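Here the structure is laid out as C-alpha cells; the discussion comes afterwards.
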Amino acid sequence: MSGHNKWSQIKRQKGATDAKRSKIFSKHAALIAIASREAAGNLASPSLATAIDRAKRDNMPKENIDRAVAKGTGAGGASIEPVLYETFGPGGVALLITGFTDNTNRTSQEIRHLLSKNGYALGTPGSSSWAFQKSDDGYVATMPIDLSDDDAEKLGELIDLLEDHPDIQDVYTSANDAD
C-alpha cells in the first residue's frame, strides 16, 4: 500500500506543478502575442525579443512561443486585446485590474462574476482610475489608503483570486499595505 500512497503524492505534486506552469505559460503567451502584434512579427524587435527571453527563462516550450508569435500576427485566429477593469475593494481601496484577452465579453463576465461572488461589483470606466497615475511600471496610487489588518487580509485574498484568472496580468491597488 505504501507504493500506492507514494504515487498518489507524486501525482498530486506533479498536477500542482503543471497547473502553476500552465498559468505562467499563458501569461507569457499573451505578452508575446501583444509584442508580436506591435512588432508585426519581427523577432528582432526589442519588446518581442524581451518577451520571448522572459518566457524562455521560465522554460516555456519553443512550440508555445512560436504559436504565441503567430497568434499576435493574426495567424492564430482571434487577436488578443488589452483590458482594464476598475472596482473598489475592502476598506474602499481602489483597484485597477489589467490583462489581455482574445474575448473581452467572456473575460468581462468572468471578472464581474468573480467580484460579485465575493461581494464586490465591477465599476464603470473612470470610477477608480482617478486614484492612480500611469508610470513606466504600470500604475501608482496618487492617494494611498491605510487599511485595517482585517481589510488588508480580505484585499490579499481578492488579489489572489483575480491574479488566478488566466487573462489577468496585474492588479494595482491604492492601499498602503497591499502586496
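Residue numbering restarts at 1 in every chain; chains get A, B, ... in the order shown in the C-alpha cells, and ligands count up from 1 in that same order.
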
Item checked: Backbone-only DSSP, helix (DSSP H, G or I) members of range 24-141 of chain A, as a PyMOL selection string -> chain A and resi 24-38+46-57+62-72+90-92+104-117+129-131

If you keep C-alpha atoms, can you produce a file of those selected residues as a PDB file, in the first residue's frame?
ATOM      1  CA  ILE A  24       2.771  31.188 -16.122  1.00  0.00           C
ATOM      2  CA  PHE A  25       2.908  29.998 -19.744  1.00  0.00           C
ATOM      3  CA  SER A  26      -0.498  31.502 -20.569  1.00  0.00           C
ATOM      4  CA  LYS A  27       0.589  34.885 -19.195  1.00  0.00           C
ATOM      5  CA  HIS A  28       3.814  34.727 -21.226  1.00  0.00           C
ATOM      6  CA  ALA A  29       1.849  33.735 -24.345  1.00  0.00           C
ATOM      7  CA  ALA A  30      -0.393  36.793 -24.003  1.00  0.00           C
ATOM      8  CA  LEU A  31       2.586  39.119 -23.566  1.00  0.00           C
ATOM      9  CA  ILE A  32       4.373  37.568 -26.556  1.00  0.00           C
ATOM     10  CA  ALA A  33       1.240  37.868 -28.721  1.00  0.00           C
ATOM     11  CA  ILE A  34       0.820  41.551 -27.830  1.00  0.00           C
ATOM     12  CA  ALA A  35       4.508  42.290 -28.514  1.00  0.00           C
ATOM     13  CA  SER A  36       4.296  40.311 -31.764  1.00  0.00           C
ATOM     14  CA  ARG A  37       1.279  42.303 -32.906  1.00  0.00           C
ATOM     15  CA  GLU A  38       3.010  45.609 -32.136  1.00  0.00           C
ATOM     16  CA  PRO A  46      13.282  44.696 -28.647  1.00  0.00           C
ATOM     17  CA  SER A  47       9.876  44.281 -26.989  1.00  0.00           C
ATOM     18  CA  LEU A  48       9.208  40.918 -28.671  1.00  0.00           C
ATOM     19  CA  ALA A  49      12.751  39.677 -28.002  1.00  0.00           C
ATOM     20  CA  THR A  50      12.410  40.635 -24.322  1.00  0.00           C
ATOM     21  CA  ALA A  51       9.041  38.873 -24.005  1.00  0.00           C
ATOM     22  CA  ILE A  52      10.485  35.733 -25.614  1.00  0.00           C
ATOM     23  CA  ASP A  53      13.576  35.817 -23.367  1.00  0.00           C
ATOM     24  CA  ARG A  54      11.374  36.037 -20.256  1.00  0.00           C
ATOM     25  CA  ALA A  55       9.323  33.070 -21.458  1.00  0.00           C
ATOM     26  CA  LYS A  56      12.475  31.056 -22.146  1.00  0.00           C
ATOM     27  CA  ARG A  57      13.742  31.808 -18.629  1.00  0.00           C
ATOM     28  CA  LYS A  62       9.530  26.683 -28.257  1.00  0.00           C
ATOM     29  CA  GLU A  63       6.290  25.444 -29.855  1.00  0.00           C
ATOM     30  CA  ASN A  64       4.239  27.542 -27.414  1.00  0.00           C
ATOM     31  CA  ILE A  65       6.397  30.601 -28.107  1.00  0.00           C
ATOM     32  CA  ASP A  66       6.038  30.142 -31.882  1.00  0.00           C
ATOM     33  CA  ARG A  67       2.268  29.729 -31.530  1.00  0.00           C
ATOM     34  CA  ALA A  68       2.036  32.935 -29.460  1.00  0.00           C
ATOM     35  CA  VAL A  69       4.073  34.884 -32.047  1.00  0.00           C
ATOM     36  CA  ALA A  70       1.802  33.583 -34.815  1.00  0.00           C
ATOM     37  CA  LYS A  71      -1.315  34.466 -32.833  1.00  0.00           C
ATOM     38  CA  GLY A  72      -0.050  38.024 -32.371  1.00  0.00           C
ATOM     39  CA  PRO A  90     -12.284  46.200   1.128  1.00  0.00           C
ATOM     40  CA  GLY A  91     -11.987  49.432   3.069  1.00  0.00           C
ATOM     41  CA  GLY A  92     -12.837  51.462  -0.055  1.00  0.00           C
ATOM     42  CA  THR A 104     -13.479  40.690 -23.990  1.00  0.00           C
ATOM     43  CA  ASN A 105     -17.098  39.677 -23.409  1.00  0.00           C
ATOM     44  CA  ARG A 106     -16.108  36.370 -21.806  1.00  0.00           C
ATOM     45  CA  THR A 107     -13.405  37.931 -19.640  1.00  0.00           C
ATOM     46  CA  SER A 108     -15.653  40.803 -18.531  1.00  0.00           C
ATOM     47  CA  GLN A 109     -18.366  38.363 -17.465  1.00  0.00           C
ATOM     48  CA  GLU A 110     -15.883  36.141 -15.622  1.00  0.00           C
ATOM     49  CA  ILE A 111     -14.357  39.088 -13.736  1.00  0.00           C
ATOM     50  CA  ARG A 112     -17.817  40.502 -12.971  1.00  0.00           C
ATOM     51  CA  HIS A 113     -18.892  37.068 -11.623  1.00  0.00           C
ATOM     52  CA  LEU A 114     -15.706  36.641  -9.563  1.00  0.00           C
ATOM     53  CA  LEU A 115     -16.177  40.069  -7.985  1.00  0.00           C
ATOM     54  CA  SER A 116     -19.897  39.663  -7.284  1.00  0.00           C
ATOM     55  CA  LYS A 117     -19.351  36.207  -5.771  1.00  0.00           C
ATOM     56  CA  SER A 129      -8.717  55.162 -12.283  1.00  0.00           C
ATOM     57  CA  TRP A 130      -8.713  58.713 -10.894  1.00  0.00           C
ATOM     58  CA  ALA A 131      -6.852  57.323  -7.855  1.00  0.00           C
TER      59      ALA A 131
END

Item checked: CA of Ile80 in chain A to CA of Thr17 in chain A, distance in Å rounded to a single decimal -> 26.4 Å

Margin query: Which of range 73-166 of chain A end up as strand (DSSP E) when DSSP is run on this backbone - answer as a VMD selection string?
Written below: chain A and resid 81 to 88 94 to 101 132 to 135 138 to 141

Next item on the list: Fewer than 2 positions away in the same chain doesn't count, so skip those; otherwise give me all residues within 12 Å of Gly126 in chain A, counting only C-alpha atoms, as a PyMOL selection string.
Entry: chain A and resi 84-88+94-96+122-124+128-132

For the selection just defined, write its residues with N, CA and C atoms to a file, as a short mmCIF file (atom, residue, chain, number, x, y, z; two decimals), in the first residue's frame.
data_model
loop_
_atom_site.label_atom_id
_atom_site.label_comp_id
_atom_site.auth_asym_id
_atom_site.auth_seq_id
_atom_site.Cartn_x
_atom_site.Cartn_y
_atom_site.Cartn_z
N LEU A 84 -8.85 46.59 -19.19
CA LEU A 84 -8.67 47.29 -17.93
C LEU A 84 -10.01 47.32 -17.21
N TYR A 85 -10.04 46.80 -15.99
CA TYR A 85 -11.26 46.79 -15.19
C TYR A 85 -11.01 47.60 -13.93
N GLU A 86 -12.06 48.24 -13.44
CA GLU A 86 -11.97 49.08 -12.26
C GLU A 86 -13.01 48.65 -11.24
N THR A 87 -12.62 48.70 -9.97
CA THR A 87 -13.54 48.36 -8.89
C THR A 87 -13.01 48.94 -7.59
N PHE A 88 -13.79 48.79 -6.54
CA PHE A 88 -13.37 49.16 -5.20
C PHE A 88 -13.42 47.91 -4.34
N ALA A 94 -9.22 51.49 -4.02
CA ALA A 94 -9.45 51.44 -5.47
C ALA A 94 -8.57 50.35 -6.08
N LEU A 95 -9.12 49.62 -7.06
CA LEU A 95 -8.38 48.56 -7.75
C LEU A 95 -8.44 48.78 -9.25
N LEU A 96 -7.29 48.63 -9.90
CA LEU A 96 -7.22 48.57 -11.36
C LEU A 96 -6.73 47.18 -11.72
N LEU A 122 -18.13 45.27 -10.35
CA LEU A 122 -17.27 45.86 -11.37
C LEU A 122 -17.69 47.31 -11.56
N GLY A 123 -16.73 48.21 -11.53
CA GLY A 123 -17.02 49.63 -11.67
C GLY A 123 -17.08 50.06 -13.12
N THR A 124 -17.58 51.24 -13.34
CA THR A 124 -17.63 51.80 -14.69
C THR A 124 -16.27 52.42 -15.02
N SER A 128 -12.48 54.24 -10.67
CA SER A 128 -11.36 54.19 -9.73
C SER A 128 -10.03 54.58 -10.35
N SER A 129 -9.99 54.81 -11.64
CA SER A 129 -8.72 55.16 -12.28
C SER A 129 -8.22 56.54 -11.86
N TRP A 130 -9.12 57.39 -11.35
CA TRP A 130 -8.71 58.71 -10.89
C TRP A 130 -7.73 58.62 -9.72
N ALA A 131 -7.71 57.49 -9.02
CA ALA A 131 -6.85 57.32 -7.85
C ALA A 131 -5.44 56.86 -8.22
N PHE A 132 -5.16 56.76 -9.53
CA PHE A 132 -3.86 56.25 -9.98
C PHE A 132 -3.24 57.18 -11.01
#

Next item on the list: Work out how far apart CA of Gly15 in chain A and CA of Ile168 in chain A are and give it in Å to one decimal.
Entry: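 Going from CA of Gly15 in chain A over to CA of Ile168 in chain A, I get 21.8 Å.
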
Check: If we count only C-alpha atoms, what is near Gln169 in chain A at a cut-off of 9 Å, once residues fewer than 3 positions away on the same chain are taken out, given as a PyMOL selection string?
Finding: chain A and resi 27+97-100+163+165-166

Restricting it to C-alpha atoms, dump the selection as an mmCIF file, in the first residue's frame.
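The resulting result.cif:
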data_model
loop_
_atom_site.group_PDB
_atom_site.id
_atom_site.type_symbol
_atom_site.label_atom_id
_atom_site.label_comp_id
_atom_site.auth_asym_id
_atom_site.auth_seq_id
_atom_site.Cartn_x
_atom_site.Cartn_y
_atom_site.Cartn_z
ATOM 1 C CA LYS A 27 0.589 34.885 -19.195
ATOM 2 C CA ILE A 97 -7.163 45.144 -12.984
ATOM 3 C CA THR A 98 -5.176 44.801 -16.221
ATOM 4 C CA GLY A 99 -4.870 41.892 -18.599
ATOM 5 C CA PHE A 100 -5.056 40.565 -22.137
ATOM 6 C CA GLU A 163 -4.484 37.005 -10.332
ATOM 7 C CA HIS A 165 -7.641 34.268 -13.657
ATOM 8 C CA PRO A 166 -5.689 33.331 -16.814
#
